[in-house]
Every structure is written in C-alpha cells, then in structure tokens.
>>> print(open('run_9.pdb').read())   # PDB, N, CA and C atoms, pLDDT in the B column
ATOM      1  N   MET A   1      92.868 115.906  28.703  1.00 72.00           N
ATOM      2  CA  MET A   1      93.049 116.579  27.428  1.00 72.00           C
ATOM      3  C   MET A   1      91.814 117.424  27.129  1.00 72.00           C
ATOM      4  N   THR A   2      92.057 118.656  26.731  1.00 87.00           N
ATOM      5  CA  THR A   2      90.961 119.558  26.376  1.00 87.00           C
ATOM      6  C   THR A   2      90.508 119.245  24.956  1.00 87.00           C
ATOM      7  N   ARG A   3      89.198 119.176  24.770  1.00 90.00           N
ATOM      8  CA  ARG A   3      88.620 118.814  23.479  1.00 90.00           C
ATOM      9  C   ARG A   3      88.023 120.022  22.775  1.00 90.00           C
ATOM     10  N   CYS A   4      88.048 119.957  21.457  1.00 90.00           N
ATOM     11  CA  CYS A   4      87.425 120.992  20.632  1.00 90.00           C
ATOM     12  C   CYS A   4      85.906 120.856  20.746  1.00 90.00           C
ATOM     13  N   PRO A   5      85.201 121.938  21.071  1.00 89.00           N
ATOM     14  CA  PRO A   5      83.743 121.840  21.193  1.00 89.00           C
ATOM     15  C   PRO A   5      83.050 121.664  19.845  1.00 89.00           C
ATOM     16  N   ARG A   6      83.756 121.911  18.764  1.00 89.00           N
ATOM     17  CA  ARG A   6      83.155 121.827  17.430  1.00 89.00           C
ATOM     18  C   ARG A   6      83.212 120.409  16.870  1.00 89.00           C
ATOM     19  N   CYS A   7      84.340 119.704  17.078  1.00 89.00           N
ATOM     20  CA  CYS A   7      84.480 118.377  16.477  1.00 89.00           C
ATOM     21  C   CYS A   7      84.752 117.273  17.497  1.00 89.00           C
ATOM     22  N   GLY A   8      85.137 117.631  18.698  1.00 89.00           N
ATOM     23  CA  GLY A   8      85.438 116.642  19.719  1.00 89.00           C
ATOM     24  C   GLY A   8      86.892 116.204  19.728  1.00 89.00           C
ATOM     25  N   GLY A   9      87.690 116.695  18.782  1.00 90.00           N
ATOM     26  CA  GLY A   9      89.105 116.354  18.716  1.00 90.00           C
ATOM     27  C   GLY A   9      89.915 117.167  19.718  1.00 90.00           C
ATOM     28  N   PRO A  10      91.207 116.871  19.847  1.00 92.00           N
ATOM     29  CA  PRO A  10      92.042 117.631  20.780  1.00 92.00           C
ATOM     30  C   PRO A  10      92.242 119.078  20.309  1.00 92.00           C
ATOM     31  N   LEU A  11      92.274 119.999  21.267  1.00 92.00           N
ATOM     32  CA  LEU A  11      92.473 121.411  20.921  1.00 92.00           C
ATOM     33  C   LEU A  11      93.900 121.686  20.471  1.00 92.00           C
ATOM     34  N   GLY A  12      94.846 120.969  20.986  1.00 89.00           N
ATOM     35  CA  GLY A  12      96.240 121.215  20.629  1.00 89.00           C
ATOM     36  C   GLY A  12      96.827 122.337  21.466  1.00 89.00           C
ATOM     37  N   ASP A  13      98.091 122.659  21.182  1.00 90.00           N
ATOM     38  CA  ASP A  13      98.807 123.664  21.968  1.00 90.00           C
ATOM     39  C   ASP A  13      98.407 125.092  21.639  1.00 90.00           C
ATOM     40  N   THR A  14      98.019 125.344  20.400  1.00 90.00           N
ATOM     41  CA  THR A  14      97.631 126.699  19.998  1.00 90.00           C
ATOM     42  C   THR A  14      96.281 126.666  19.292  1.00 90.00           C
ATOM     43  N   PRO A  15      95.193 126.650  20.070  1.00 93.00           N
ATOM     44  CA  PRO A  15      93.873 126.582  19.447  1.00 93.00           C
ATOM     45  C   PRO A  15      93.537 127.847  18.672  1.00 93.00           C
ATOM     46  N   ALA A  16      92.688 127.679  17.683  1.00 93.00           N
ATOM     47  CA  ALA A  16      92.152 128.810  16.929  1.00 93.00           C
ATOM     48  C   ALA A  16      90.994 129.392  17.729  1.00 93.00           C
ATOM     49  N   ARG A  17      90.471 130.502  17.271  1.00 93.00           N
ATOM     50  CA  ARG A  17      89.295 131.119  17.906  1.00 93.00           C
ATOM     51  C   ARG A  17      88.138 131.024  16.934  1.00 93.00           C
ATOM     52  N   SER A  18      87.038 130.447  17.396  1.00 91.00           N
ATOM     53  CA  SER A  18      85.871 130.273  16.540  1.00 91.00           C
ATOM     54  C   SER A  18      85.339 131.615  16.067  1.00 91.00           C
ATOM     55  N   ARG A  19      84.895 131.654  14.847  1.00 87.00           N
ATOM     56  CA  ARG A  19      84.319 132.865  14.271  1.00 87.00           C
ATOM     57  C   ARG A  19      82.834 133.002  14.610  1.00 87.00           C
ATOM     58  N   MET A  20      82.337 132.154  15.486  1.00 82.00           N
ATOM     59  CA  MET A  20      80.921 132.187  15.859  1.00 82.00           C
ATOM     60  C   MET A  20      80.584 133.348  16.784  1.00 82.00           C
ATOM     61  N   THR A  21      81.576 133.930  17.442  1.00 78.00           N
ATOM     62  CA  THR A  21      81.330 135.078  18.303  1.00 78.00           C
ATOM     63  C   THR A  21      82.154 136.254  17.781  1.00 78.00           C
ATOM     64  N   THR A  22      81.667 137.466  17.980  1.00 77.00           N
ATOM     65  CA  THR A  22      82.378 138.630  17.460  1.00 77.00           C
ATOM     66  C   THR A  22      83.731 138.811  18.128  1.00 77.00           C
ATOM     67  N   ASP A  23      83.842 138.436  19.393  1.00 81.00           N
ATOM     68  CA  ASP A  23      85.122 138.580  20.072  1.00 81.00           C
ATOM     69  C   ASP A  23      85.945 137.292  20.042  1.00 81.00           C
ATOM     70  N   ARG A  24      85.453 136.282  19.342  1.00 85.00           N
ATOM     71  CA  ARG A  24      86.160 135.005  19.131  1.00 85.00           C
ATOM     72  C   ARG A  24      86.681 134.409  20.431  1.00 85.00           C
ATOM     73  N   THR A  25      85.785 134.220  21.385  1.00 86.00           N
ATOM     74  CA  THR A  25      86.178 133.709  22.692  1.00 86.00           C
ATOM     75  C   THR A  25      86.114 132.192  22.797  1.00 86.00           C
ATOM     76  N   VAL A  26      85.572 131.500  21.810  1.00 89.00           N
ATOM     77  CA  VAL A  26      85.438 130.044  21.870  1.00 89.00           C
ATOM     78  C   VAL A  26      86.645 129.407  21.180  1.00 89.00           C
ATOM     79  N   PRO A  27      87.510 128.714  21.940  1.00 92.00           N
ATOM     80  CA  PRO A  27      88.656 128.058  21.307  1.00 92.00           C
ATOM     81  C   PRO A  27      88.231 126.792  20.567  1.00 92.00           C
ATOM     82  N   VAL A  28      88.749 126.618  19.355  1.00 92.00           N
ATOM     83  CA  VAL A  28      88.500 125.419  18.555  1.00 92.00           C
ATOM     84  C   VAL A  28      89.845 124.911  18.032  1.00 92.00           C
ATOM     85  N   CYS A  29      89.894 123.667  17.586  1.00 93.00           N
ATOM     86  CA  CYS A  29      91.145 123.119  17.061  1.00 93.00           C
ATOM     87  C   CYS A  29      91.509 123.813  15.749  1.00 93.00           C
ATOM     88  N   ALA A  30      92.749 123.655  15.334  1.00 94.00           N
ATOM     89  CA  ALA A  30      93.230 124.312  14.118  1.00 94.00           C
ATOM     90  C   ALA A  30      92.431 123.896  12.889  1.00 94.00           C
ATOM     91  N   ALA A  31      92.066 122.618  12.797  1.00 93.00           N
ATOM     92  CA  ALA A  31      91.307 122.150  11.636  1.00 93.00           C
ATOM     93  C   ALA A  31      89.936 122.818  11.565  1.00 93.00           C
ATOM     94  N   CYS A  32      89.270 122.949  12.692  1.00 92.00           N
ATOM     95  CA  CYS A  32      87.956 123.606  12.704  1.00 92.00           C
ATOM     96  C   CYS A  32      88.088 125.098  12.450  1.00 92.00           C
ATOM     97  N   GLY A  33      89.156 125.721  12.972  1.00 93.00           N
ATOM     98  CA  GLY A  33      89.404 127.129  12.687  1.00 93.00           C
ATOM     99  C   GLY A  33      89.620 127.359  11.203  1.00 93.00           C
ATOM    100  N   THR A  34      90.361 126.454  10.569  1.00 94.00           N
ATOM    101  CA  THR A  34      90.583 126.553   9.128  1.00 94.00           C
ATOM    102  C   THR A  34      89.277 126.373   8.371  1.00 94.00           C
ATOM    103  N   ASP A  35      88.473 125.405   8.788  1.00 92.00           N
ATOM    104  CA  ASP A  35      87.186 125.170   8.132  1.00 92.00           C
ATOM    105  C   ASP A  35      86.305 126.412   8.220  1.00 92.00           C
ATOM    106  N   GLU A  36      86.284 127.053   9.378  1.00 92.00           N
ATOM    107  CA  GLU A  36      85.464 128.262   9.526  1.00 92.00           C
ATOM    108  C   GLU A  36      85.992 129.391   8.635  1.00 92.00           C
ATOM    109  N   ALA A  37      87.308 129.525   8.531  1.00 93.00           N
ATOM    110  CA  ALA A  37      87.892 130.566   7.673  1.00 93.00           C
ATOM    111  C   ALA A  37      87.569 130.310   6.203  1.00 93.00           C
ATOM    112  N   VAL A  38      87.640 129.057   5.780  1.00 93.00           N
ATOM    113  CA  VAL A  38      87.332 128.707   4.386  1.00 93.00           C
ATOM    114  C   VAL A  38      85.856 128.965   4.098  1.00 93.00           C
ATOM    115  N   ARG A  39      84.989 128.591   5.039  1.00 92.00           N
ATOM    116  CA  ARG A  39      83.558 128.852   4.860  1.00 92.00           C
ATOM    117  C   ARG A  39      83.309 130.351   4.700  1.00 92.00           C
ATOM    118  N   GLU A  40      83.952 131.158   5.531  1.00 92.00           N
ATOM    119  CA  GLU A  40      83.781 132.606   5.446  1.00 92.00           C
ATOM    120  C   GLU A  40      84.285 133.129   4.102  1.00 92.00           C
ATOM    121  N   HIS A  41      85.446 132.660   3.666  1.00 94.00           N
ATOM    122  CA  HIS A  41      86.017 133.085   2.390  1.00 94.00           C
ATOM    123  C   HIS A  41      85.099 132.732   1.215  1.00 94.00           C
ATOM    124  N   ARG A  42      84.463 131.581   1.282  1.00 95.00           N
ATOM    125  CA  ARG A  42      83.568 131.132   0.210  1.00 95.00           C
ATOM    126  C   ARG A  42      82.193 131.774   0.283  1.00 95.00           C
ATOM    127  N   GLY A  43      81.960 132.582   1.302  1.00 94.00           N
ATOM    128  CA  GLY A  43      80.670 133.243   1.439  1.00 94.00           C
ATOM    129  C   GLY A  43      79.601 132.356   2.048  1.00 94.00           C
ATOM    130  N   LEU A  44      80.013 131.254   2.662  1.00 91.00           N
ATOM    131  CA  LEU A  44      79.071 130.343   3.312  1.00 91.00           C
ATOM    132  C   LEU A  44      78.842 130.790   4.747  1.00 91.00           C
ATOM    133  N   SER A  45      77.669 130.516   5.261  1.00 86.00           N
ATOM    134  CA  SER A  45      77.410 130.875   6.654  1.00 86.00           C
ATOM    135  C   SER A  45      78.146 129.905   7.571  1.00 86.00           C
ATOM    136  N   PRO A  46      78.519 130.368   8.752  1.00 82.00           N
ATOM    137  CA  PRO A  46      79.192 129.472   9.685  1.00 82.00           C
ATOM    138  C   PRO A  46      78.228 128.424  10.220  1.00 82.00           C
ATOM    139  N   LEU A  47      78.784 127.310  10.668  1.00 82.00           N
ATOM    140  CA  LEU A  47      77.957 126.287  11.295  1.00 82.00           C
ATOM    141  C   LEU A  47      77.652 126.730  12.717  1.00 82.00           C
ATOM    142  N   PRO A  48      76.385 126.891  13.063  1.00 82.00           N
ATOM    143  CA  PRO A  48      76.061 127.288  14.436  1.00 82.00           C
ATOM    144  C   PRO A  48      76.397 126.141  15.399  1.00 82.00           C
ATOM    145  N   PRO A  49      76.682 126.459  16.654  1.00 81.00           N
ATOM    146  CA  PRO A  49      77.017 125.413  17.619  1.00 81.00           C
ATOM    147  C   PRO A  49      76.007 124.273  17.699  1.00 81.00           C
ATOM    148  N   THR A  50      74.750 124.542  17.395  1.00 82.00           N
ATOM    149  CA  THR A  50      73.748 123.468  17.426  1.00 82.00           C
ATOM    150  C   THR A  50      73.985 122.438  16.327  1.00 82.00           C
ATOM    151  N   ASP A  51      74.744 122.809  15.275  1.00 82.00           N
ATOM    152  CA  ASP A  51      75.052 121.891  14.178  1.00 82.00           C
ATOM    153  C   ASP A  51      76.462 121.307  14.249  1.00 82.00           C
ATOM    154  N   TRP A  52      77.230 121.661  15.289  1.00 83.00           N
ATOM    155  CA  TRP A  52      78.571 121.111  15.417  1.00 83.00           C
ATOM    156  C   TRP A  52      78.457 119.619  15.682  1.00 83.00           C
ATOM    157  N   PRO A  53      79.137 118.800  14.905  1.00 73.00           N
ATOM    158  CA  PRO A  53      79.047 117.355  15.106  1.00 73.00           C
ATOM    159  C   PRO A  53      79.668 116.945  16.439  1.00 73.00           C
ATOM    160  N   ALA A  54      79.134 115.919  17.021  1.00 56.00           N
ATOM    161  CA  ALA A  54      79.646 115.427  18.315  1.00 56.00           C
ATOM    162  C   ALA A  54      80.686 114.346  18.071  1.00 56.00           C
ATOM    163  N   GLY A  55      81.939 114.728  18.158  1.00 44.00           N
ATOM    164  CA  GLY A  55      83.009 113.744  18.046  1.00 44.00           C
ATOM    165  C   GLY A  55      83.463 113.402  16.649  1.00 44.00           C
ATOM    166  N   GLY A  56      82.847 113.945  15.607  1.00 45.00           N
ATOM    167  CA  GLY A  56      83.268 113.658  14.237  1.00 45.00           C
ATOM    168  C   GLY A  56      83.466 114.944  13.479  1.00 45.00           C
ATOM    169  N   ARG A  57      84.323 114.940  12.505  1.00 46.00           N
ATOM    170  CA  ARG A  57      84.602 116.150  11.735  1.00 46.00           C
ATOM    171  C   ARG A  57      83.643 116.288  10.572  1.00 46.00           C
ATOM    172  N   ARG A  58      83.164 117.505  10.385  1.00 46.00           N
ATOM    173  CA  ARG A  58      82.373 117.846   9.207  1.00 46.00           C
ATOM    174  C   ARG A  58      83.258 118.736   8.354  1.00 46.00           C
ATOM    175  N   ARG A  59      83.619 118.321   7.185  1.00 45.00           N
ATOM    176  CA  ARG A  59      84.535 119.074   6.324  1.00 45.00           C
ATOM    177  C   ARG A  59      83.801 119.616   5.109  1.00 45.00           C
ATOM    178  N   LEU A  60      84.334 120.691   4.572  1.00 41.00           N
ATOM    179  CA  LEU A  60      83.823 121.217   3.317  1.00 41.00           C
ATOM    180  C   LEU A  60      84.204 120.269   2.198  1.00 41.00           C
ATOM    181  N   ARG A  61      83.375 120.146   1.229  1.00 38.00           N
ATOM    182  CA  ARG A  61      83.677 119.279   0.086  1.00 38.00           C
ATOM    183  C   ARG A  61      83.886 120.121  -1.137  1.00 38.00           C
TER     184      ARG A  61
END
>>> encode(input="run_9.pdb", output="structure tokens")
Amino acid sequence: MTRCPRCGGPLGDTPARSRMTTDRTVPVCAACGTDEAVREHRGLSPLPPTDWPAGGRRRLR
C-alpha cells in the first residue's frame, strides 16, 4: 500500500497533489490535500515537508 508522505496514511485511489511544489508533483491523501487547501484559503502558510508528522495527522483547529 502506498502511503501519504505528509501523514503516513493510505494515499487512496485518487490522491491529491500537494501544494508544496508549484507543479504539484507530490501526491498526498485527500485529507491532507484538503488541509492544504484550507490553510491556503485561510491565508496560512503551508506546512513544509520537514514539519509533516510521521504517521499521525495534524489538523487545523
């Protein structure tokens, strides 16, 4: 099973594309893709890959 590099969860059948690169080449799970979109909408900076949690989800509160 392919894992999401952002949270460690499964990527699923239709992964999102991380907003961390301009060409969005890094596939992430749908939940992480949604989190990145919400962060962008709220004017928050994206979480850099060095801050991506290993195996656990970091959600907006």
>>> atom_distance(input="run_9.pdb", atom1="atom C of A:Pro46", atom2="atom CA of A:Met1")
25.6 Å
>>> closest_residue(input="run_9.pdb", among="A:Glu36, A:Thr2, A:Cys7, A:Trp52", to="A:Met20", atoms="all atoms listed in the file")
A:Glu36
>>> resolve_selection(input="run_9.pdb", expression="the PyMOL selection byres (((chain A and resi 22-31 and name CA) around 10) and name CA)", output="mmCIF file with N, CA and C atoms, in the frame of the given file")
data_model
loop_
_atom_site.group_PDB
_atom_site.id
_atom_site.type_symbol
_atom_site.label_atom_id
_atom_site.label_comp_id
_atom_site.auth_asym_id
_atom_site.auth_seq_id
_atom_site.Cartn_x
_atom_site.Cartn_y
_atom_site.Cartn_z
ATOM 1 N N THR A 2 92.057 118.656 26.731
ATOM 2 C CA THR A 2 90.961 119.558 26.376
ATOM 3 C C THR A 2 90.508 119.245 24.956
ATOM 4 N N ARG A 3 89.198 119.176 24.770
ATOM 5 C CA ARG A 3 88.620 118.814 23.479
ATOM 6 C C ARG A 3 88.023 120.022 22.775
ATOM 7 N N CYS A 4 88.048 119.957 21.457
ATOM 8 C CA CYS A 4 87.425 120.992 20.632
ATOM 9 C C CYS A 4 85.906 120.856 20.746
ATOM 10 N N PRO A 5 85.201 121.938 21.071
ATOM 11 C CA PRO A 5 83.743 121.840 21.193
ATOM 12 C C PRO A 5 83.050 121.664 19.845
ATOM 13 N N ARG A 6 83.756 121.911 18.764
ATOM 14 C CA ARG A 6 83.155 121.827 17.430
ATOM 15 C C ARG A 6 83.212 120.409 16.870
ATOM 16 N N CYS A 7 84.340 119.704 17.078
ATOM 17 C CA CYS A 7 84.480 118.377 16.477
ATOM 18 C C CYS A 7 84.752 117.273 17.497
ATOM 19 N N GLY A 8 85.137 117.631 18.698
ATOM 20 C CA GLY A 8 85.438 116.642 19.719
ATOM 21 C C GLY A 8 86.892 116.204 19.728
ATOM 22 N N GLY A 9 87.690 116.695 18.782
ATOM 23 C CA GLY A 9 89.105 116.354 18.716
ATOM 24 C C GLY A 9 89.915 117.167 19.718
ATOM 25 N N PRO A 10 91.207 116.871 19.847
ATOM 26 C CA PRO A 10 92.042 117.631 20.780
ATOM 27 C C PRO A 10 92.242 119.078 20.309
ATOM 28 N N LEU A 11 92.274 119.999 21.267
ATOM 29 C CA LEU A 11 92.473 121.411 20.921
ATOM 30 C C LEU A 11 93.900 121.686 20.471
ATOM 31 N N GLY A 12 94.846 120.969 20.986
ATOM 32 C CA GLY A 12 96.240 121.215 20.629
ATOM 33 C C GLY A 12 96.827 122.337 21.466
ATOM 34 N N ASP A 13 98.091 122.659 21.182
ATOM 35 C CA ASP A 13 98.807 123.664 21.968
ATOM 36 C C ASP A 13 98.407 125.092 21.639
ATOM 37 N N THR A 14 98.019 125.344 20.400
ATOM 38 C CA THR A 14 97.631 126.699 19.998
ATOM 39 C C THR A 14 96.281 126.666 19.292
ATOM 40 N N PRO A 15 95.193 126.650 20.070
ATOM 41 C CA PRO A 15 93.873 126.582 19.447
ATOM 42 C C PRO A 15 93.537 127.847 18.672
ATOM 43 N N ALA A 16 92.688 127.679 17.683
ATOM 44 C CA ALA A 16 92.152 128.810 16.929
ATOM 45 C C ALA A 16 90.994 129.392 17.729
ATOM 46 N N ARG A 17 90.471 130.502 17.271
ATOM 47 C CA ARG A 17 89.295 131.119 17.906
ATOM 48 C C ARG A 17 88.138 131.024 16.934
ATOM 49 N N SER A 18 87.038 130.447 17.396
ATOM 50 C CA SER A 18 85.871 130.273 16.540
ATOM 51 C C SER A 18 85.339 131.615 16.067
ATOM 52 N N ARG A 19 84.895 131.654 14.847
ATOM 53 C CA ARG A 19 84.319 132.865 14.271
ATOM 54 C C ARG A 19 82.834 133.002 14.610
ATOM 55 N N MET A 20 82.337 132.154 15.486
ATOM 56 C CA MET A 20 80.921 132.187 15.859
ATOM 57 C C MET A 20 80.584 133.348 16.784
ATOM 58 N N THR A 21 81.576 133.930 17.442
ATOM 59 C CA THR A 21 81.330 135.078 18.303
ATOM 60 C C THR A 21 82.154 136.254 17.781
ATOM 61 N N CYS A 32 89.270 122.949 12.692
ATOM 62 C CA CYS A 32 87.956 123.606 12.704
ATOM 63 C C CYS A 32 88.088 125.098 12.450
ATOM 64 N N GLY A 33 89.156 125.721 12.972
ATOM 65 C CA GLY A 33 89.404 127.129 12.687
ATOM 66 C C GLY A 33 89.620 127.359 11.203
ATOM 67 N N THR A 34 90.361 126.454 10.569
ATOM 68 C CA THR A 34 90.583 126.553 9.128
ATOM 69 C C THR A 34 89.277 126.373 8.371
ATOM 70 N N ASP A 35 88.473 125.405 8.788
ATOM 71 C CA ASP A 35 87.186 125.170 8.132
ATOM 72 C C ASP A 35 86.305 126.412 8.220
ATOM 73 N N GLU A 36 86.284 127.053 9.378
ATOM 74 C CA GLU A 36 85.464 128.262 9.526
ATOM 75 C C GLU A 36 85.992 129.391 8.635
ATOM 76 N N ALA A 37 87.308 129.525 8.531
ATOM 77 C CA ALA A 37 87.892 130.566 7.673
ATOM 78 C C ALA A 37 87.569 130.310 6.203
ATOM 79 N N ARG A 57 84.323 114.940 12.505
ATOM 80 C CA ARG A 57 84.602 116.150 11.735
ATOM 81 C C ARG A 57 83.643 116.288 10.572
ATOM 82 N N ARG A 59 83.619 118.321 7.185
ATOM 83 C CA ARG A 59 84.535 119.074 6.324
ATOM 84 C C ARG A 59 83.801 119.616 5.109
#
>>> select_by_dssp(input="run_9.pdb", residues="stretch 1-58 of chain A", states="helix (DSSP H, G or I)", output="list in words")
Ala30, Ala31, Cys32, Gly33, Thr34, Asp35, Glu36, Ala37, Val38, Arg39, Glu40, His41, Pro49, Thr50 and Asp51 of chain A
>>> atom_distance(input="run_9.pdb", atom1="atom CA of A:Arg39", atom2="atom C of A:Pro53")
17.1 Å
>>> select_by_dssp(input="run_9.pdb", residues="chain A", states="strand (DSSP E or B)", output="list of chain:residue names")
A:Arg3, A:Pro10, A:Ala16, A:Arg17, A:Pro27, A:Val28
>>> atom_distance(input="run_9.pdb", atom1="atom N of A:Thr50", atom2="atom N of A:Val38")
17.9 Å
>>> decode(input="run_9.pdb", residues="chain A", atoms="C-alpha atoms", output="PDB file, in the first residue's frame")
ATOM      1  CA  MET A   1       0.000   0.000   0.000  1.00  0.00           C
ATOM      2  CA  THR A   2       1.295   3.429  -0.949  1.00  0.00           C
ATOM      3  CA  ARG A   3       1.420   5.857   1.970  1.00  0.00           C
ATOM      4  CA  CYS A   4       0.878   9.594   2.114  1.00  0.00           C
ATOM      5  CA  PRO A   5       4.240  11.301   2.730  1.00  0.00           C
ATOM      6  CA  ARG A   6       2.501  14.019   4.754  1.00  0.00           C
ATOM      7  CA  CYS A   7       0.606  11.936   7.331  1.00  0.00           C
ATOM      8  CA  GLY A   8       1.604   8.316   6.756  1.00  0.00           C
ATOM      9  CA  GLY A   9      -1.961   7.255   5.917  1.00  0.00           C
ATOM     10  CA  PRO A  10      -3.013   5.458   2.727  1.00  0.00           C
ATOM     11  CA  LEU A  11      -2.984   7.543  -0.458  1.00  0.00           C
ATOM     12  CA  GLY A  12      -6.205   6.030  -1.743  1.00  0.00           C
ATOM     13  CA  ASP A  13      -7.295   5.598  -5.350  1.00  0.00           C
ATOM     14  CA  THR A  14      -7.269   9.284  -6.292  1.00  0.00           C
ATOM     15  CA  PRO A  15      -4.575  11.153  -4.370  1.00  0.00           C
ATOM     16  CA  ALA A  16      -4.496  14.926  -4.200  1.00  0.00           C
ATOM     17  CA  ARG A  17      -1.441  16.924  -5.260  1.00  0.00           C
ATOM     18  CA  SER A  18       0.448  18.735  -2.530  1.00  0.00           C
ATOM     19  CA  ARG A  19       0.566  22.500  -2.830  1.00  0.00           C
ATOM     20  CA  MET A  20       4.183  22.458  -1.628  1.00  0.00           C
ATOM     21  CA  THR A  21       5.515  22.481  -5.195  1.00  0.00           C
ATOM     22  CA  THR A  22       4.452  24.813  -7.999  1.00  0.00           C
ATOM     23  CA  ASP A  23       3.774  21.908 -10.335  1.00  0.00           C
ATOM     24  CA  ARG A  24       2.106  19.860  -7.547  1.00  0.00           C
ATOM     25  CA  THR A  25       4.083  16.698  -8.220  1.00  0.00           C
ATOM     26  CA  VAL A  26       3.911  15.264  -4.675  1.00  0.00           C
ATOM     27  CA  PRO A  27       0.834  13.042  -4.212  1.00  0.00           C
ATOM     28  CA  VAL A  28      -0.863  13.273  -0.802  1.00  0.00           C
ATOM     29  CA  CYS A  29      -4.050  11.710   0.583  1.00  0.00           C
ATOM     30  CA  ALA A  30      -7.366  13.516   0.167  1.00  0.00           C
ATOM     31  CA  ALA A  31      -7.444  14.610   3.819  1.00  0.00           C
ATOM     32  CA  CYS A  32      -4.004  16.224   3.585  1.00  0.00           C
ATOM     33  CA  GLY A  33      -4.907  17.825   0.249  1.00  0.00           C
ATOM     34  CA  THR A  34      -7.992  19.315   1.877  1.00  0.00           C
ATOM     35  CA  ASP A  35      -5.949  20.535   4.839  1.00  0.00           C
ATOM     36  CA  GLU A  36      -3.502  22.270   2.500  1.00  0.00           C
ATOM     37  CA  ALA A  37      -6.368  23.909   0.566  1.00  0.00           C
ATOM     38  CA  VAL A  38      -7.993  25.149   3.789  1.00  0.00           C
ATOM     39  CA  ARG A  39      -4.663  26.513   5.031  1.00  0.00           C
ATOM     40  CA  GLU A  40      -4.206  28.376   1.744  1.00  0.00           C
ATOM     41  CA  HIS A  41      -7.766  29.748   1.873  1.00  0.00           C
ATOM     42  CA  ARG A  42      -7.227  30.995   5.439  1.00  0.00           C
ATOM     43  CA  GLY A  43      -4.006  32.720   4.432  1.00  0.00           C
ATOM     44  CA  LEU A  44      -1.844  30.349   6.475  1.00  0.00           C
ATOM     45  CA  SER A  45       1.499  29.179   5.185  1.00  0.00           C
ATOM     46  CA  PRO A  46       1.736  25.557   4.107  1.00  0.00           C
ATOM     47  CA  LEU A  47       3.429  23.028   6.343  1.00  0.00           C
ATOM     48  CA  PRO A  48       6.880  22.380   4.881  1.00  0.00           C
ATOM     49  CA  PRO A  49       7.835  18.712   4.443  1.00  0.00           C
ATOM     50  CA  THR A  50      10.202  18.999   7.412  1.00  0.00           C
ATOM     51  CA  ASP A  51       7.121  19.607   9.619  1.00  0.00           C
ATOM     52  CA  TRP A  52       4.954  16.825   8.173  1.00  0.00           C
ATOM     53  CA  PRO A  53       4.096  14.484  11.040  1.00  0.00           C
ATOM     54  CA  ALA A  54       5.349  10.917  10.781  1.00  0.00           C
ATOM     55  CA  GLY A  55       2.352   8.630  10.809  1.00  0.00           C
ATOM     56  CA  GLY A  56      -0.102  10.976  12.558  1.00  0.00           C
ATOM     57  CA  ARG A  57      -2.453  13.618  11.239  1.00  0.00           C
ATOM     58  CA  ARG A  58      -2.011  17.279  12.040  1.00  0.00           C
ATOM     59  CA  ARG A  59      -5.351  19.036  11.537  1.00  0.00           C
ATOM     60  CA  LEU A  60      -6.378  22.653  11.582  1.00  0.00           C
ATOM     61  CA  ARG A  61      -8.310  23.632  14.667  1.00  0.00           C
TER      62      ARG A  61
END
